[in-house]
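Structure file coords.tsv; described as TSV, C-alpha atoms.
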```tsv
chain	number	residue	atom	x	y	z
A	129	MET	CA	-8.87	-8.20	-8.02
A	130	PRO	CA	-6.02	-10.60	-8.80
A	131	PHE	CA	-2.58	-10.10	-7.26
A	132	GLU	CA	-1.15	-8.94	-10.58
A	133	ALA	CA	-3.53	-5.96	-10.49
A	134	VAL	CA	-2.07	-4.78	-7.16
A	135	ILE	CA	0.51	-2.06	-7.74
A	136	GLY	CA	3.99	-2.93	-6.43
A	137	GLN	CA	4.35	-4.82	-3.12
A	138	SER	CA	6.04	-7.87	-4.68
A	139	ALA	CA	7.53	-8.99	-1.34
A	140	VAL	CA	4.17	-8.84	0.44
A	141	LYS	CA	2.46	-10.71	-2.39
A	142	GLU	CA	5.07	-13.48	-2.24
A	143	ARG	CA	4.67	-13.74	1.53
A	144	LEU	CA	0.90	-14.14	1.17
A	145	LEU	CA	1.23	-16.68	-1.62
A	146	ALA	CA	3.78	-18.63	0.43
A	147	ASP	CA	1.29	-18.79	3.29
A	148	LEU	CA	-1.35	-20.09	0.88
A	149	ARG	CA	0.95	-22.75	-0.55
A	150	GLY	CA	2.07	-23.83	2.91
A	151	GLY	CA	-1.41	-23.84	4.42
A	152	ARG	CA	-0.30	-21.30	7.03
A	153	VAL	CA	-3.02	-18.68	6.56
A	154	PRO	CA	-3.91	-17.16	9.96
A	155	HIS	CA	-7.56	-16.85	10.88
A	156	ALA	CA	-7.12	-13.11	11.56
A	157	LEU	CA	-4.59	-11.11	9.56
A	158	MET	CA	-4.15	-7.35	9.88
A	159	PHE	CA	-2.62	-5.36	7.01
A	160	THR	CA	-0.86	-2.28	8.41
A	161	GLY	CA	1.45	0.32	6.95
A	162	PRO	CA	1.49	3.90	5.65
A	163	ALA	CA	-1.56	5.42	4.03
A	164	GLY	CA	-1.79	4.85	0.30
A	165	SER	CA	0.37	1.72	0.24
A	166	GLY	CA	-2.37	-0.54	-1.13
A	167	LYS	CA	-3.43	-2.47	1.96
A	168	LEU	CA	-7.06	-2.78	0.88
A	169	ALA	CA	-6.02	-3.84	-2.62
A	170	LEU	CA	-3.85	-6.59	-1.13
A	171	ALA	CA	-6.64	-7.75	1.19
A	172	VAL	CA	-9.15	-7.99	-1.67
A	173	ALA	CA	-6.65	-9.86	-3.87
A	174	PHE	CA	-5.82	-12.23	-1.02
A	175	ALA	CA	-9.53	-12.82	-0.40
A	176	GLN	CA	-9.98	-13.82	-4.05
A	177	ALA	CA	-7.06	-16.25	-3.78
A	178	LEU	CA	-8.52	-17.75	-0.60
A	179	LEU	CA	-11.86	-18.34	-2.30
A	180	CYS	CA	-10.51	-19.62	-5.62
A	181	GLN	CA	-11.68	-23.16	-6.47
A	182	HIS	CA	-8.71	-24.02	-8.69
A	183	PRO	CA	-5.67	-22.01	-7.54
A	184	ALA	CA	-2.48	-21.95	-9.59
A	185	GLU	CA	0.65	-23.76	-8.41
A	186	ASP	CA	1.99	-20.57	-6.81
A	187	GLY	CA	-1.21	-20.19	-4.78
A	188	SER	CA	-2.69	-17.31	-6.78
A	189	ALA	CA	-6.29	-17.24	-7.99
A	190	CYS	CA	-6.95	-18.85	-11.37
A	191	GLY	CA	-9.26	-16.05	-12.46
A	192	GLU	CA	-11.42	-18.48	-14.43
A	193	CYS	CA	-13.47	-20.46	-11.92
A	194	ASN	CA	-16.94	-19.44	-10.84
A	195	SER	CA	-15.62	-18.21	-7.46
A	196	CYS	CA	-13.03	-15.97	-9.12
A	197	LYS	CA	-15.65	-14.48	-11.44
A	198	MET	CA	-17.91	-13.65	-8.49
A	199	SER	CA	-14.97	-12.31	-6.45
A	200	ALA	CA	-13.94	-10.07	-9.34
A	201	LYS	CA	-17.32	-8.33	-8.99
A	202	LEU	CA	-17.06	-8.42	-5.16
A	203	GLU	CA	-20.29	-10.42	-5.20
A	204	HIS	CA	-19.04	-13.81	-3.97
A	205	PRO	CA	-21.56	-15.00	-1.33
A	206	ASP	CA	-18.71	-16.03	0.99
A	207	LEU	CA	-16.83	-12.71	0.64
A	208	HIS	CA	-18.09	-10.19	3.18
A	209	PHE	CA	-17.11	-6.60	3.85
A	210	THR	CA	-17.53	-4.52	6.96
A	211	PHE	CA	-16.55	-0.86	7.19
A	212	PRO	CA	-17.35	2.30	9.17
A	213	ILE	CA	-20.46	4.20	8.14
A	214	VAL	CA	-22.55	7.20	9.08
A	215	LYS	CA	-26.26	7.01	9.73
A	216	ASP	CA	-28.92	9.65	9.37
A	217	SER	CA	-31.68	10.38	11.82
A	218	LYS	CA	-34.07	8.09	9.92
A	219	THR	CA	-31.90	5.00	10.32
A	220	LYS	CA	-32.83	2.89	13.33
A	221	PRO	CA	-29.91	1.77	15.56
A	222	GLU	CA	-30.55	-1.88	14.69
A	223	ASP	CA	-30.30	-1.04	10.97
A	224	ALA	CA	-26.99	0.87	11.17
A	225	VAL	CA	-24.85	-1.72	9.38
A	226	SER	CA	-22.42	-1.71	6.46
A	227	ASP	CA	-24.92	-3.46	4.21
A	228	ILE	CA	-26.90	-0.25	3.71
A	229	TYR	CA	-23.90	1.08	1.74
A	230	ILE	CA	-22.67	-2.17	0.20
A	231	LYS	CA	-23.53	-1.18	-3.41
A	232	ASP	CA	-21.66	2.10	-3.00
A	233	TRP	CA	-18.75	0.24	-1.38
A	234	ARG	CA	-18.45	-2.27	-4.19
A	235	SER	CA	-18.57	0.49	-6.79
A	236	ARG	CA	-15.85	2.48	-5.01
A	237	VAL	CA	-13.54	-0.52	-4.54
A	238	LEU	CA	-14.03	-1.62	-8.15
A	239	GLU	CA	-13.27	1.91	-9.33
A	240	SER	CA	-10.02	1.83	-7.33
A	241	PRO	CA	-9.19	0.25	-3.96
A	242	TYR	CA	-6.68	3.06	-3.33
A	243	PHE	CA	-8.88	5.44	-1.35
A	244	ASP	CA	-9.04	6.79	2.18
A	245	LEU	CA	-11.70	7.64	4.73
A	246	ASN	CA	-12.26	11.11	3.27
A	247	ASP	CA	-12.99	9.57	-0.12
A	248	TRP	CA	-15.40	7.11	1.48
A	249	LEU	CA	-17.19	9.87	3.37
A	250	ALA	CA	-17.64	11.70	0.08
A	251	VAL	CA	-19.24	8.58	-1.41
A	252	MET	CA	-21.66	8.48	1.53
A	253	LYS	CA	-22.23	12.25	1.14
A	254	ALA	CA	-21.24	12.68	4.76
A	255	GLU	CA	-18.07	14.81	4.67
A	256	ASN	CA	-19.09	16.70	7.82
A	257	GLN	CA	-19.65	13.59	9.94
A	258	GLN	CA	-17.45	10.93	11.47
A	259	ALA	CA	-17.80	7.36	10.28
A	260	LYS	CA	-17.76	4.54	12.81
A	261	TYR	CA	-18.92	1.01	13.54
A	262	TYR	CA	-22.29	0.88	15.27
A	263	VAL	CA	-23.15	-1.88	17.71
A	264	ALA	CA	-25.56	-3.44	15.21
A	265	GLU	CA	-22.58	-4.21	12.96
A	266	ALA	CA	-21.22	-6.75	15.45
A	267	ASP	CA	-24.54	-8.64	15.40
A	268	ASN	CA	-24.58	-8.47	11.60
A	269	ILE	CA	-21.07	-9.98	11.35
A	270	GLN	CA	-22.01	-12.79	13.74
A	271	ARG	CA	-25.13	-13.63	11.73
A	272	LYS	CA	-23.23	-13.77	8.45
A	273	LEU	CA	-20.40	-15.96	9.71
A	274	ALA	CA	-22.71	-18.31	11.59
A	275	LEU	CA	-24.06	-19.52	8.24
A	276	LYS	CA	-22.40	-22.34	6.33
A	277	SER	CA	-20.22	-21.50	3.38
A	278	ASN	CA	-22.41	-20.95	0.33
A	279	GLN	CA	-19.84	-22.48	-2.02
A	280	GLY	CA	-18.60	-25.15	0.37
A	281	GLY	CA	-15.18	-23.59	0.90
A	282	ARG	CA	-13.74	-20.75	2.94
A	283	LYS	CA	-15.49	-17.62	4.20
A	284	VAL	CA	-13.67	-14.28	4.23
A	285	MET	CA	-14.56	-11.11	6.12
A	286	VAL	CA	-12.63	-7.98	5.06
A	287	VAL	CA	-12.66	-5.49	7.95
A	288	TRP	CA	-11.73	-1.98	6.81
A	289	LEU	CA	-10.46	0.43	9.50
A	290	PRO	CA	-11.03	-1.65	12.66
A	291	GLU	CA	-9.73	1.33	14.64
A	292	LYS	CA	-13.19	2.84	14.17
A	293	MET	CA	-14.73	0.02	16.21
A	294	ASN	CA	-15.73	0.94	19.76
A	295	GLN	CA	-15.36	-1.18	22.89
A	296	GLU	CA	-18.96	-2.38	22.90
A	297	SER	CA	-18.77	-3.67	19.32
A	298	ALA	CA	-15.36	-5.25	19.90
A	299	ASN	CA	-16.50	-7.05	23.03
A	300	LYS	CA	-19.33	-8.69	21.08
A	301	LEU	CA	-16.84	-9.99	18.53
A	302	LEU	CA	-14.03	-11.18	20.80
A	303	LYS	CA	-15.10	-14.80	20.81
A	304	LEU	CA	-15.54	-14.75	17.05
A	305	PHE	CA	-12.10	-13.19	16.48
A	306	GLU	CA	-10.48	-15.70	18.81
A	307	GLU	CA	-12.25	-18.83	17.62
A	308	PRO	CA	-13.91	-18.23	14.25
A	309	PRO	CA	-15.88	-21.00	12.53
A	310	ALA	CA	-13.74	-23.45	10.57
A	311	GLY	CA	-12.49	-22.05	7.28
A	312	THR	CA	-13.27	-18.45	8.25
A	313	HIS	CA	-10.67	-15.72	7.79
A	314	PHE	CA	-10.67	-12.10	8.93
A	315	LEU	CA	-8.60	-9.74	6.77
A	316	MET	CA	-8.29	-6.42	8.59
A	317	VAL	CA	-6.99	-3.25	6.98
A	318	SER	CA	-5.82	-0.60	9.42
A	319	GLU	CA	-4.42	2.89	8.83
A	320	GLU	CA	-3.75	3.46	12.55
A	321	PRO	CA	-3.15	0.10	14.25
A	322	ASP	CA	-2.13	1.80	17.50
A	323	LEU	CA	-5.75	2.95	17.81
A	324	VAL	CA	-7.18	-0.55	17.37
A	325	LEU	CA	-8.54	-1.87	20.64
A	326	GLY	CA	-6.02	-4.15	22.31
A	327	THR	CA	-8.56	-6.93	22.64
A	328	ILE	CA	-8.78	-7.06	18.83
A	329	LEU	CA	-5.10	-6.43	18.13
A	330	SER	CA	-3.98	-9.30	20.35
A	331	ARG	CA	-6.03	-11.74	18.30
A	332	THR	CA	-4.54	-10.85	14.93
A	333	GLN	CA	-1.29	-11.45	13.11
A	334	ARG	CA	0.08	-8.18	11.73
A	335	LEU	CA	1.53	-7.85	8.23
A	336	LEU	CA	3.46	-4.65	7.53
A	337	VAL	CA	2.90	-3.23	4.05
A	338	PRO	CA	5.76	-0.87	3.10
A	339	PRO	CA	5.26	2.43	1.26
A	340	LEU	CA	5.07	2.45	-2.51
A	341	SER	CA	7.86	3.96	-4.56
A	342	PRO	CA	7.13	7.51	-5.86
A	343	GLU	CA	6.27	6.15	-9.32
A	344	GLU	CA	4.05	3.42	-7.93
A	345	TYR	CA	2.33	5.92	-5.65
A	346	ARG	CA	1.56	8.23	-8.58
A	347	GLN	CA	0.15	5.26	-10.49
A	348	ALA	CA	-2.08	4.27	-7.57
A	349	HIS	CA	-3.07	7.81	-6.62
A	350	PRO	CA	-3.60	10.16	-9.55
A	351	PRO	CA	-3.10	13.75	-8.32
A	352	ARG	CA	-6.17	15.19	-6.62
A	353	ASP	CA	-7.09	18.85	-6.76
A	354	GLU	CA	-5.71	20.33	-3.53
A	355	ARG	CA	-5.67	23.96	-4.63
A	356	GLN	CA	-8.08	25.00	-1.90
A	357	SER	CA	-5.89	23.38	0.76
A	358	LEU	CA	-2.84	25.10	-0.72
A	359	GLU	CA	-4.56	28.49	-0.61
A	360	LEU	CA	-5.54	27.99	3.03
A	361	PHE	CA	-1.99	26.85	3.88
A	362	GLN	CA	-0.50	29.90	2.15
A	363	MET	CA	-2.89	32.19	4.00
A	364	LEU	CA	-2.02	30.59	7.35
A	365	MET	CA	1.72	30.99	6.82
A	366	ARG	CA	1.55	34.53	5.42
A	367	LEU	CA	-0.73	35.83	8.15
A	368	SER	CA	1.35	34.09	10.82
A	369	TYR	CA	4.58	35.62	9.53
A	370	GLN	CA	2.94	39.06	9.36
A	371	ARG	CA	1.53	38.62	12.90
A	372	LYS	CA	-1.98	39.53	11.72
A	373	VAL	CA	-3.79	38.10	14.70
A	374	LYS	CA	-7.22	39.51	13.82
A	375	ASP	CA	-7.02	38.04	10.31
A	376	LEU	CA	-5.89	34.72	11.76
A	377	ARG	CA	-8.94	34.71	13.99
A	378	ASP	CA	-11.10	35.13	10.88
A	379	TRP	CA	-9.11	32.35	9.19
A	380	ALA	CA	-9.77	30.07	12.18
A	381	GLU	CA	-13.49	30.92	11.97
A	382	HIS	CA	-13.48	29.86	8.33
A	383	MET	CA	-11.68	26.60	9.13
A	384	ALA	CA	-14.13	25.87	11.94
A	385	GLY	CA	-16.95	26.01	9.41
A	386	LEU	CA	-15.55	23.10	7.44
A	387	GLY	CA	-16.42	19.52	8.25
A	388	ARG	CA	-14.26	17.56	10.68
A	389	GLU	CA	-12.86	15.21	8.06
A	390	PRO	CA	-11.91	18.06	5.66
A	391	GLN	CA	-10.23	19.78	8.63
A	392	LYS	CA	-8.14	16.68	9.35
A	393	GLN	CA	-7.35	16.31	5.66
A	394	PHE	CA	-6.15	19.93	5.54
A	395	LEU	CA	-3.90	19.51	8.57
A	396	ALA	CA	-2.37	16.39	7.03
A	397	PHE	CA	-1.79	18.40	3.85
A	398	CYS	CA	-0.07	21.13	5.90
A	399	GLN	CA	2.29	18.63	7.52
A	400	ARG	CA	3.27	17.37	4.08
A	401	GLN	CA	3.86	20.91	2.84
A	402	VAL	CA	6.09	21.76	5.81
A	403	ARG	CA	8.20	18.72	5.01
A	404	GLU	CA	8.36	19.65	1.31
A	405	ASN	CA	9.39	23.22	2.10
A	406	PHE	CA	12.14	22.04	4.42
A	407	VAL	CA	13.49	19.66	1.76
A	408	TYR	CA	13.20	22.41	-0.88
A	409	ASN	CA	16.08	24.21	0.84
A	410	PHE	CA	18.49	21.42	-0.14
A	411	HIS	CA	18.00	22.24	-3.86
A	412	LEU	CA	17.56	18.58	-4.81
A	413	PRO	CA	14.39	18.51	-6.93
A	414	GLU	CA	14.32	14.71	-7.00
A	415	LEU	CA	13.55	14.77	-3.25
A	416	ASN	CA	10.50	16.99	-3.65
A	417	ALA	CA	7.01	15.83	-4.59
A	418	GLN	CA	5.21	19.09	-5.33
A	419	THR	CA	2.87	20.47	-7.94
A	420	GLU	CA	3.92	23.56	-9.89
A	421	GLU	CA	1.71	25.75	-7.70
A	422	GLU	CA	3.21	24.31	-4.50
A	423	ALA	CA	6.76	24.75	-5.79
A	424	ALA	CA	6.02	28.34	-6.79
A	425	PHE	CA	5.06	29.17	-3.20
A	426	SER	CA	8.09	27.31	-1.84
A	427	ARG	CA	10.51	29.48	-3.83
A	428	ASN	CA	9.84	32.36	-1.45
A	429	PHE	CA	8.56	30.57	1.64
A	430	ALA	CA	10.92	27.61	2.04
A	431	ARG	CA	13.66	29.65	3.71
A	432	PHE	CA	11.38	30.20	6.71
A	433	ILE	CA	11.22	26.43	7.36
A	434	ASN	CA	14.54	25.25	8.73
A	435	GLU	CA	16.16	22.78	11.11
A	436	ARG	CA	15.16	24.97	14.07
A	437	ASN	CA	11.40	24.99	13.50
A	438	VAL	CA	10.49	22.19	11.06
A	439	ILE	CA	9.85	19.65	13.82
A	440	PRO	CA	7.98	22.01	16.22
A	441	ILE	CA	5.70	23.26	13.42
A	442	THR	CA	4.99	19.72	12.26
A	443	GLU	CA	4.23	18.69	15.84
A	444	GLU	CA	1.79	21.60	16.27
A	445	LEU	CA	-0.03	20.60	13.09
A	446	ALA	CA	-0.14	16.95	14.15
A	447	ARG	CA	-1.40	17.94	17.61
A	448	ALA	CA	-4.15	20.02	16.02
A	449	GLU	CA	-5.14	17.09	13.80
A	450	ASN	CA	-5.38	14.85	16.86
A	451	ASP	CA	-7.45	17.45	18.73
A	452	ILE	CA	-9.86	17.71	15.81
A	453	ALA	CA	-10.19	13.92	15.78
A	454	GLN	CA	-11.02	14.08	19.50
A	455	ASN	CA	-13.83	16.59	18.86
A	456	VAL	CA	-12.07	19.54	20.52
A	457	ASN	CA	-13.60	22.91	19.58
A	458	ALA	CA	-12.28	23.54	16.05
A	459	ARG	CA	-12.23	27.33	16.33
A	460	MET	CA	-10.03	27.13	19.41
A	461	VAL	CA	-7.79	24.46	17.88
A	462	PHE	CA	-7.05	26.41	14.69
A	463	PHE	CA	-6.58	29.79	16.36
A	464	THR	CA	-4.29	28.40	19.07
A	465	MET	CA	-2.27	26.56	16.45
A	466	ALA	CA	-1.91	29.73	14.36
A	467	LEU	CA	-0.65	31.73	17.36
A	468	LYS	CA	2.01	29.12	18.04
A	469	ILE	CA	3.09	29.12	14.39
A	470	ILE	CA	3.61	32.90	14.64
A	471	VAL	CA	6.22	32.31	17.34
A	472	LEU	CA	7.88	29.43	15.49
A	473	LEU	CA	8.17	31.36	12.22
A	474	ILE	CA	9.63	34.58	13.66
A	475	LYS	CA	11.46	33.32	16.74
```
How would this structure read if it were set down as structure tokens?
Amino acid sequence: MPFEAVIGQSAVKERLLADLRGGRVPHALMFTGPAGSGKLALAVAFAQALLCQHPAEDGSACGECNSCKMSAKLEHPDLHFTFPIVKDSKTKPEDAVSDIYIKDWRSRVLESPYFDLNDWLAVMKAENQQAKYYVAEADNIQRKLALKSNQGGRKVMVVWLPEKMNQESANKLLKLFEEPPAGTHFLMVSEEPDLVLGTILSRTQRLLVPPLSPEEYRQAHPPRDERQSLELFQMLMRLSYQRKVKDLRDWAEHMAGLGREPQKQFLAFCQRQVRENFVYNFHLPELNAQTEEEAAFSRNFARFINERNVIPITEELARAENDIAQNVNARMVFFTMALKIIVLLIK
């Protein structure tokens, strides 16, 4: 992916190109910023520029050399990817590495690098599981980077979601992160840098990627079908306002039956809807980013989200999302959250 294929982010692109021209590329660079801003797209484009054999005067990849052609297919022998995975019961611990999904990974990135963990779980057909880095991945990374460059130039390792790496894996890689082989670059892409282990974070240079404009975001992220999430959100708010505790218990039972990642995705959707309903009250359509179905619900519901409860409701939803991520009992999380929303809606 060349830089010109990355949507928006002109300032970040220029910063990266300036580093290339000035020979100031850090050995470990972490792309951080809001979800959906194109961090992975930037990392892949930067990797291609790093591997290009005949870069342009501005530092960008030529797109014509043999390295660029291999990078465009994500098949350059010196371009490596590591990412969280799930393993089934048949996979031995020593075989639980990213390479078992590398074909699926390449296909998904080539389709569009603007995807999140839920999308990746769907590719792995593992929506009800949690992806992570297994210890074998650290050994796999060390083996790959211990080899000489296949093309005689740089080696690049793109690390997607390093926050999913546990302490044991990180400890094995500390020396490598701190003193990588000559010409080796780590490009990390993090959605939640505060969750990255400090031992990793301290060895990287962070690059903040700002959010895309609304038009750029729509270009990068064609609308997904969230009608089911909207129906569940509407049910939660209606039952909470009506104080139908028994029905809310049944609703919580239903939510508990969903996979953990879909549960987190739903709670993130709810937080966005609370914000949209609060903004709806200002009667400034240009500030709202809603579908027709979402706006139709807001016409009657928005007045119940105001300056008194918008922050507490959002905090309850965020707390529930964090609890789900921490493997707290989902039935208890959703029912407790619903009871608190009752109070916040009718207080």
Exercise for the section: Determine the nearest neighbour of Ser235 of chain A from the options A:Leu170, A:Leu412, A:Leu302, A:Ala200, counting only C-alpha atoms. Expected result: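 Looking only at the distances to Ser235 of chain A, the closest residue turns out to be A:Ala200.
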Exercise for the section: Give me, please, the distance in Å between atom CA of Gly311 of chain A and atom CA of His155 of chain A, quoted to one decimal. Expected result: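 One can read the atom CA of Gly311 of chain A to atom CA of His155 of chain A distance as 8.0 Å.
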Exercise for the section: Using all atoms listed in the file, collect all residues at a distance of at most 6 Å from (-7.5, -11.4, 17.0) as written in the file, then present them as a list in words. Expected result: Ala156, Phe305, Glu306, Ile328, Leu329, Ser330, Arg331 and Thr332 of chain A
Exercise for the section: Give me the residues within 6 Å of segment 446-463 of chain A as a list of chain:residue names, counting all atoms listed in the file and dropping any in the same chain fewer than 2 places off. Expected result: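 Surrounding residues, per the criterion: A:Arg377, A:Ala380, A:Glu381, A:Ala384, A:Lys392, A:Leu395, A:Glu443, A:Glu444, A:Met465, A:Ala466.
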Practice task
Return the single residue from A:Leu304, A:Ala424, A:Leu473, A:Ala274 that is closest to Ile439 of chain A, with distances computed using all atoms listed in the file.
Solution key: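 For Ile439 of chain A, the nearest of the given residues is A:Leu473.
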Fill in the blank from the handout: Among A:Lys253, A:Arg403, A:Lys300, A:Arg282, Ala177 of chain A is approached most closely, using all atoms listed in the file, by A:Arg282
Practice task
Using only C-alpha atoms, pick whichever of A:Lys372, A:Lys260, A:Lys276, A:Lys201 has the shortest atom-to-atom distance to Val225 of chain A.
Solution key: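 So, comparing all the options, the nearest one is A:Lys260.
Of note, atom CA of Ser188 of chain A and atom CA of Ala173 of chain A are spaced 8.9 Å apart.
Coordinates place atom CA of His182 of chain A at a distance of 12.7 Å from atom CA of Arg149 of chain A.
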Completion exercise
Between A:Leu249, A:Met129, A:Gln270, A:Pro221, smallest distance to Arg388 of chain A by only C-alpha atoms belongs to A:Leu249
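Of the listed residues A:Asn194, A:Gln181, A:Ser341, A:Thr210, the one whose atoms come nearest to Ser138 of chain A is A:Ser341, with distances taken using all atoms listed in the file.
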Handout entry: Residue contacts of Asn409 of chain A (12 Å, only C-alpha atoms) excluding same-chain residues fewer than 5 positions away, as a PyMOL selection string
Key = chain A and resi 402-404+415-416+423+426-435+438
Would you export the selected residues with C-alpha atoms as a short mmCIF file (atom, residue, chain, number, x, y, z; two decimals), in the coordinates of the input, please?
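File produced: again-v5.cif:
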```cif
data_model
loop_
_atom_site.label_atom_id
_atom_site.label_comp_id
_atom_site.auth_asym_id
_atom_site.auth_seq_id
_atom_site.Cartn_x
_atom_site.Cartn_y
_atom_site.Cartn_z
CA VAL A 402 6.09 21.76 5.81
CA ARG A 403 8.20 18.72 5.01
CA GLU A 404 8.36 19.65 1.31
CA LEU A 415 13.55 14.77 -3.25
CA ASN A 416 10.50 16.99 -3.65
CA ALA A 423 6.76 24.75 -5.79
CA SER A 426 8.09 27.31 -1.84
CA ARG A 427 10.51 29.48 -3.83
CA ASN A 428 9.84 32.36 -1.45
CA PHE A 429 8.56 30.57 1.64
CA ALA A 430 10.92 27.61 2.04
CA ARG A 431 13.66 29.65 3.71
CA PHE A 432 11.38 30.20 6.71
CA ILE A 433 11.22 26.43 7.36
CA ASN A 434 14.54 25.25 8.73
CA GLU A 435 16.16 22.78 11.11
CA VAL A 438 10.49 22.19 11.06
#
```
Exercise for the section: Could you give me, as a VMD selection string, the residues within 6 Å of Gly161 of chain A, counting all atoms listed in the file and dropping anything in the same chain fewer than 5 positions from it? Expected result: chain A and resid 336 to 338
Problem - Protein/DNA/RNA residues near (-12.0, -13.3, 1.5), cut 12 Å, all atoms listed in the file, as an NGL selection string - result: :A and (129 or 153 or 155-157 or 168-180 or 189 or 195-196 or 198-200 or 202-210 or 277 or 281-287 or 311-316)
For the selection you just gave me, I'd like the residues written to a file as a compact mmCIF listing (two decimals), keeping the file's coordinate frame, keeping C-alpha atoms.
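Once written, selection27.txt looks like this:
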```txt
# COMPACT_ATOMS: atom_id res chain seq x y z
CA MET A 129 -8.87 -8.20 -8.02
CA VAL A 153 -3.02 -18.68 6.56
CA HIS A 155 -7.56 -16.85 10.88
CA ALA A 156 -7.12 -13.11 11.56
CA LEU A 157 -4.59 -11.11 9.56
CA LEU A 168 -7.06 -2.78 0.88
CA ALA A 169 -6.02 -3.84 -2.62
CA LEU A 170 -3.85 -6.59 -1.13
CA ALA A 171 -6.64 -7.75 1.19
CA VAL A 172 -9.15 -7.99 -1.67
CA ALA A 173 -6.65 -9.86 -3.87
CA PHE A 174 -5.82 -12.23 -1.02
CA ALA A 175 -9.53 -12.82 -0.40
CA GLN A 176 -9.98 -13.82 -4.05
CA ALA A 177 -7.06 -16.25 -3.78
CA LEU A 178 -8.52 -17.75 -0.60
CA LEU A 179 -11.86 -18.34 -2.30
CA CYS A 180 -10.51 -19.62 -5.62
CA ALA A 189 -6.29 -17.24 -7.99
CA SER A 195 -15.62 -18.21 -7.46
CA CYS A 196 -13.03 -15.97 -9.12
CA MET A 198 -17.91 -13.65 -8.49
CA SER A 199 -14.97 -12.31 -6.45
CA ALA A 200 -13.94 -10.07 -9.34
CA LEU A 202 -17.06 -8.42 -5.16
CA GLU A 203 -20.29 -10.42 -5.20
CA HIS A 204 -19.04 -13.81 -3.97
CA PRO A 205 -21.56 -15.00 -1.33
CA ASP A 206 -18.71 -16.03 0.99
CA LEU A 207 -16.83 -12.71 0.64
CA HIS A 208 -18.09 -10.19 3.18
CA PHE A 209 -17.11 -6.60 3.85
CA THR A 210 -17.53 -4.52 6.96
CA SER A 277 -20.22 -21.50 3.38
CA GLY A 281 -15.18 -23.59 0.90
CA ARG A 282 -13.74 -20.75 2.94
CA LYS A 283 -15.49 -17.62 4.20
CA VAL A 284 -13.67 -14.28 4.23
CA MET A 285 -14.56 -11.11 6.12
CA VAL A 286 -12.63 -7.98 5.06
CA VAL A 287 -12.66 -5.49 7.95
CA GLY A 311 -12.49 -22.05 7.28
CA THR A 312 -13.27 -18.45 8.25
CA HIS A 313 -10.67 -15.72 7.79
CA PHE A 314 -10.67 -12.10 8.93
CA LEU A 315 -8.60 -9.74 6.77
CA MET A 316 -8.29 -6.42 8.59
```
